[in-house]
Amino acid sequence: MSSSSSSTSNSTADASTLRRNRILSSKLYFTMPLSKVPLIYSTAYDISFLGMEKLHPFDSSKWGRICRFLIVDGVLDKNSIVEPLEASEDDLLVVHTESYLSSLKSSSNVAMIIEVPPVALLPNCLVQQKVLYPFRKQVGGTVLAAKLAKERGWAINVGGGFHHCCGERGGGFCAYADISLCIHYAFNLLDISKVMIIDLDAHQGNGHERDFANDRRVYILDMYNPEIYPFDHEARRYIDQKVEVVSGTTTDEYLVKLDEALTVAGKMFDPELVVFNAGTDILDGDPLGRLKISPDGITSRDEKVFRFAREKNASLVMLTSGGYMKSSARVIADSIANLSKQTLIDLKPYRE
């Protein structure tokens, strides 16, 4: 072995050891009492900063409204919701580079990532508190979801799914790579070695695709509209199963393609954990997704993915990801209620 390859091998080993040590010292995993169900949310998820959040089409109060619908409808007891911890800088360094995290100390960089230009004018301390802290709480929720899914069979983070962010850069309203972080924690702490990402957000999940480009432990099924952001052709090379659904695709067409895709995925890979990025920007009328899927189509889609995971005897983590209409929260709540009705999830806490 040449000295240069030896030094590369050593530095890779060092980086792997450092990553594992960071994960082992993390506080993001904790024991959930039986009085809780594996549905994760914090009021800190919701973003509000001087009305500027209205300048982006994303509904930044979507997460709280999902939970309120579930509670009002009697599907969920608010006392049974799990509150996650905020991901620390050490937690984020498991995937992110120091230079990338440092770049978030510039308000103008954050403004570009979340696509709200006036944020560049705010003091960074305010940006950290009002924008990045909610994102870091959602990262904590996504990471914790894998542990709860391993214990209970499933977990839903009512947030997360920041699939445009990779270790070196953010974009598309995604400042932290929560999916990549979730999977690295699962590899190191849950005795899991095979993970399938089923990304059904309307947009290509280029962040996790870049992070796991050459990692055969991760199988990526990405069903996306190729005519919209991010147009990341390099990342597309890393998708194991690419299903392109063009603008105007209707519910029936979409669900047929999904059935076919899940059949193929099941033959190609046996996951122990499924990470389901369940964006609702595929809804008819969504200004960014440009697809024409009905609310009932979303309910069917989610049910199909949960049934797939059950058939594969895999734990499942669901993330709510993108969705740019006010109606998304109601659609997600209705879908979660259907999963409960179909006994694919159990929202009734155990009594201790």
# chains A, B, ... in the order shown; residues from 1 in each chain; ligands from 1
>>> residues_around(residues="A:Ile192", least_positions_apart="6", cutoff="8 Å", atoms="only C-alpha atoms", output="PyMOL selection string")
chain A and resi 186+272-273
>>> closest_atom_pairs(of="stretch 23-98 of chain A", to="stretch 146-170 of chain A", cutoff="8 Å", atoms="only C-alpha atoms", output="JSON lines")
{"residue": "A:Tyr29", "atom": "CA", "partner": "A:Lys147", "partner_atom": "CA", "distance": 7.0}
{"residue": "A:Met32", "atom": "CA", "partner": "A:Leu148", "partner_atom": "CA", "distance": 7.8}
{"residue": "A:Pro38", "atom": "CA", "partner": "A:Ala155", "partner_atom": "CA", "distance": 4.8}
{"residue": "A:Leu39", "atom": "CA", "partner": "A:Ile156", "partner_atom": "CA", "distance": 4.9}
{"residue": "A:Ile40", "atom": "CA", "partner": "A:Asn157", "partner_atom": "CA", "distance": 4.7}
{"residue": "A:Tyr41", "atom": "CA", "partner": "A:Val158", "partner_atom": "CA", "distance": 5.6}
{"residue": "A:Tyr45", "atom": "CA", "partner": "A:Gly159", "partner_atom": "CA", "distance": 7.3}
{"residue": "A:Trp63", "atom": "CA", "partner": "A:Val158", "partner_atom": "CA", "distance": 5.8}
{"residue": "A:Ile66", "atom": "CA", "partner": "A:Val158", "partner_atom": "CA", "distance": 7.6}
{"residue": "A:Cys67", "atom": "CA", "partner": "A:Val158", "partner_atom": "CA", "distance": 7.9}
{"residue": "A:Val95", "atom": "CA", "partner": "A:Gly167", "partner_atom": "CA", "distance": 5.2}
{"residue": "A:His96", "atom": "CA", "partner": "A:Gly167", "partner_atom": "CA", "distance": 4.1}
{"residue": "A:Thr97", "atom": "CA", "partner": "A:Glu168", "partner_atom": "CA", "distance": 5.9}
>>> write_last_selection(atoms="all heavy atoms", output="short mmCIF file (atom, residue, chain, number, x, y, z; two decimals), in the first residue's frame")
data_model
loop_
_atom_site.label_atom_id
_atom_site.label_comp_id
_atom_site.auth_asym_id
_atom_site.auth_seq_id
_atom_site.Cartn_x
_atom_site.Cartn_y
_atom_site.Cartn_z
N TYR A 29 -30.97 10.15 22.11
CA TYR A 29 -31.73 8.94 22.43
C TYR A 29 -32.04 8.96 23.93
O TYR A 29 -31.16 9.21 24.74
CB TYR A 29 -30.91 7.69 22.14
CG TYR A 29 -30.95 7.19 20.71
CD1 TYR A 29 -31.45 7.96 19.68
CD2 TYR A 29 -30.47 5.92 20.40
CE1 TYR A 29 -31.48 7.48 18.38
CE2 TYR A 29 -30.49 5.43 19.10
CZ TYR A 29 -31.00 6.22 18.10
OH TYR A 29 -31.02 5.75 16.81
N MET A 32 -38.34 6.19 26.50
CA MET A 32 -39.70 6.70 26.41
C MET A 32 -40.60 5.92 27.36
O MET A 32 -40.66 4.69 27.28
CB MET A 32 -40.20 6.56 24.98
CG MET A 32 -41.62 7.07 24.79
SD MET A 32 -42.21 6.92 23.08
CE MET A 32 -42.52 5.16 22.98
N PRO A 38 -45.15 6.64 20.07
CA PRO A 38 -44.01 7.10 19.26
C PRO A 38 -44.38 8.13 18.18
O PRO A 38 -44.08 7.98 17.02
CB PRO A 38 -43.46 5.81 18.66
CG PRO A 38 -44.61 4.87 18.62
CD PRO A 38 -45.48 5.23 19.78
N LEU A 39 -45.09 9.17 18.63
CA LEU A 39 -45.38 10.31 17.77
C LEU A 39 -44.68 11.51 18.39
O LEU A 39 -44.92 11.84 19.56
CB LEU A 39 -46.89 10.53 17.66
CG LEU A 39 -47.30 11.62 16.64
CD1 LEU A 39 -48.54 11.19 15.85
CD2 LEU A 39 -47.56 12.95 17.34
N ILE A 40 -43.79 12.12 17.63
CA ILE A 40 -42.84 13.09 18.18
C ILE A 40 -43.16 14.49 17.66
O ILE A 40 -43.32 14.70 16.45
CB ILE A 40 -41.40 12.71 17.77
CG1 ILE A 40 -41.09 11.27 18.22
CG2 ILE A 40 -40.39 13.68 18.34
CD1 ILE A 40 -39.90 10.66 17.51
N TYR A 41 -43.25 15.44 18.60
CA TYR A 41 -43.54 16.83 18.23
C TYR A 41 -43.17 17.73 19.39
O TYR A 41 -43.26 17.34 20.55
CB TYR A 41 -45.03 17.01 17.88
CG TYR A 41 -45.44 18.46 17.77
CD1 TYR A 41 -45.04 19.24 16.69
CD2 TYR A 41 -46.20 19.07 18.78
CE1 TYR A 41 -45.39 20.59 16.62
CE2 TYR A 41 -46.55 20.41 18.71
CZ TYR A 41 -46.15 21.16 17.63
OH TYR A 41 -46.49 22.49 17.56
N TYR A 45 -41.18 23.37 17.12
CA TYR A 45 -41.04 23.10 15.68
C TYR A 45 -41.53 24.27 14.83
O TYR A 45 -41.01 24.54 13.76
CB TYR A 45 -41.87 21.87 15.27
CG TYR A 45 -41.29 20.51 15.58
CD1 TYR A 45 -40.23 20.34 16.48
CD2 TYR A 45 -41.83 19.38 14.99
CE1 TYR A 45 -39.74 19.08 16.76
CE2 TYR A 45 -41.33 18.10 15.26
CZ TYR A 45 -40.30 17.96 16.15
OH TYR A 45 -39.80 16.71 16.42
N TRP A 63 -46.77 21.86 11.40
CA TRP A 63 -46.52 20.77 12.35
C TRP A 63 -47.46 20.83 13.55
O TRP A 63 -48.05 19.84 13.94
CB TRP A 63 -45.06 20.81 12.77
CG TRP A 63 -44.14 20.83 11.58
CD1 TRP A 63 -43.94 19.82 10.68
CD2 TRP A 63 -43.34 21.93 11.13
NE1 TRP A 63 -43.05 20.23 9.70
CE2 TRP A 63 -42.66 21.50 9.94
CE3 TRP A 63 -43.10 23.22 11.59
CZ2 TRP A 63 -41.78 22.32 9.24
CZ3 TRP A 63 -42.23 24.05 10.90
CH2 TRP A 63 -41.59 23.60 9.73
N ILE A 66 -51.11 19.92 12.55
CA ILE A 66 -51.33 18.47 12.42
C ILE A 66 -51.73 17.89 13.78
O ILE A 66 -52.72 17.16 13.90
CB ILE A 66 -50.07 17.76 11.89
CG1 ILE A 66 -49.76 18.19 10.45
CG2 ILE A 66 -50.22 16.24 11.98
CD1 ILE A 66 -48.36 17.80 9.98
N CYS A 67 -50.94 18.21 14.80
CA CYS A 67 -51.21 17.66 16.14
C CYS A 67 -52.53 18.16 16.69
O CYS A 67 -53.28 17.39 17.31
CB CYS A 67 -50.06 18.00 17.09
SG CYS A 67 -48.56 17.08 16.73
N VAL A 95 -22.59 14.22 10.87
CA VAL A 95 -22.72 14.24 9.41
C VAL A 95 -22.13 15.52 8.80
O VAL A 95 -21.47 15.48 7.76
CB VAL A 95 -24.21 14.11 8.99
CG1 VAL A 95 -24.43 14.50 7.54
CG2 VAL A 95 -24.68 12.68 9.22
N HIS A 96 -22.36 16.65 9.45
CA HIS A 96 -21.98 17.93 8.86
C HIS A 96 -20.52 18.30 9.08
O HIS A 96 -19.93 17.93 10.09
CB HIS A 96 -22.87 19.05 9.42
CG HIS A 96 -24.28 18.97 8.94
ND1 HIS A 96 -24.62 19.16 7.63
CD2 HIS A 96 -25.43 18.69 9.60
CE1 HIS A 96 -25.94 19.02 7.49
NE2 HIS A 96 -26.44 18.71 8.67
N THR A 97 -19.98 19.03 8.13
CA THR A 97 -18.62 19.55 8.28
C THR A 97 -18.64 20.78 9.18
O THR A 97 -19.66 21.48 9.27
CB THR A 97 -18.03 19.95 6.91
OG1 THR A 97 -18.84 21.00 6.35
CG2 THR A 97 -17.99 18.77 5.95
#
>>> atom_distance(atom1="atom CA of A:Glu86", atom2="atom CA of A:Lys27")
9.3 Å
>>> residues_around(residues="A:Thr17", least_positions_apart="6", cutoff="12 Å", atoms="only C-alpha atoms", output="NGL selection string")
:A and (10-11 or 23-24 or 94 or 188)
>>> write_last_selection(atoms="N, CA and C atoms", output="mmCIF file, in the first residue's frame")
data_model
loop_
_atom_site.group_PDB
_atom_site.id
_atom_site.type_symbol
_atom_site.label_atom_id
_atom_site.label_comp_id
_atom_site.auth_asym_id
_atom_site.auth_seq_id
_atom_site.Cartn_x
_atom_site.Cartn_y
_atom_site.Cartn_z
ATOM 1 N N ASN A 10 -6.131 5.764 7.112
ATOM 2 C CA ASN A 10 -6.057 6.166 8.525
ATOM 3 C C ASN A 10 -7.015 7.308 8.825
ATOM 4 N N SER A 11 -7.076 8.297 7.919
ATOM 5 C CA SER A 11 -7.942 9.450 8.167
ATOM 6 C C SER A 11 -9.410 9.048 8.118
ATOM 7 N N ILE A 23 -21.630 10.013 18.522
ATOM 8 C CA ILE A 23 -22.938 9.363 18.643
ATOM 9 C C ILE A 23 -23.100 8.741 20.035
ATOM 10 N N LEU A 24 -22.052 8.081 20.511
ATOM 11 C CA LEU A 24 -22.118 7.424 21.822
ATOM 12 C C LEU A 24 -22.303 8.419 22.965
ATOM 13 N N VAL A 94 -21.826 14.797 13.432
ATOM 14 C CA VAL A 94 -21.830 13.385 13.022
ATOM 15 C C VAL A 94 -21.902 13.280 11.500
ATOM 16 N N ASN A 188 -25.130 2.893 14.441
ATOM 17 C CA ASN A 188 -24.202 2.800 15.571
ATOM 18 C C ASN A 188 -24.841 2.378 16.888
#
>>> closest_residue(among="A:Lys130, A:Arg216, A:Arg136, A:Arg68", to="A:Ala175", atoms="only C-alpha atoms")
A:Arg136
>>> closest_residue(among="A:Ser340, A:Ser321, A:Ser25, A:Thr250", to="A:Val75", atoms="only C-alpha atoms")
A:Ser340
>>> atom_distance(atom1="atom CA of A:Val331", atom2="atom CA of A:Lys304")
15.9 Å
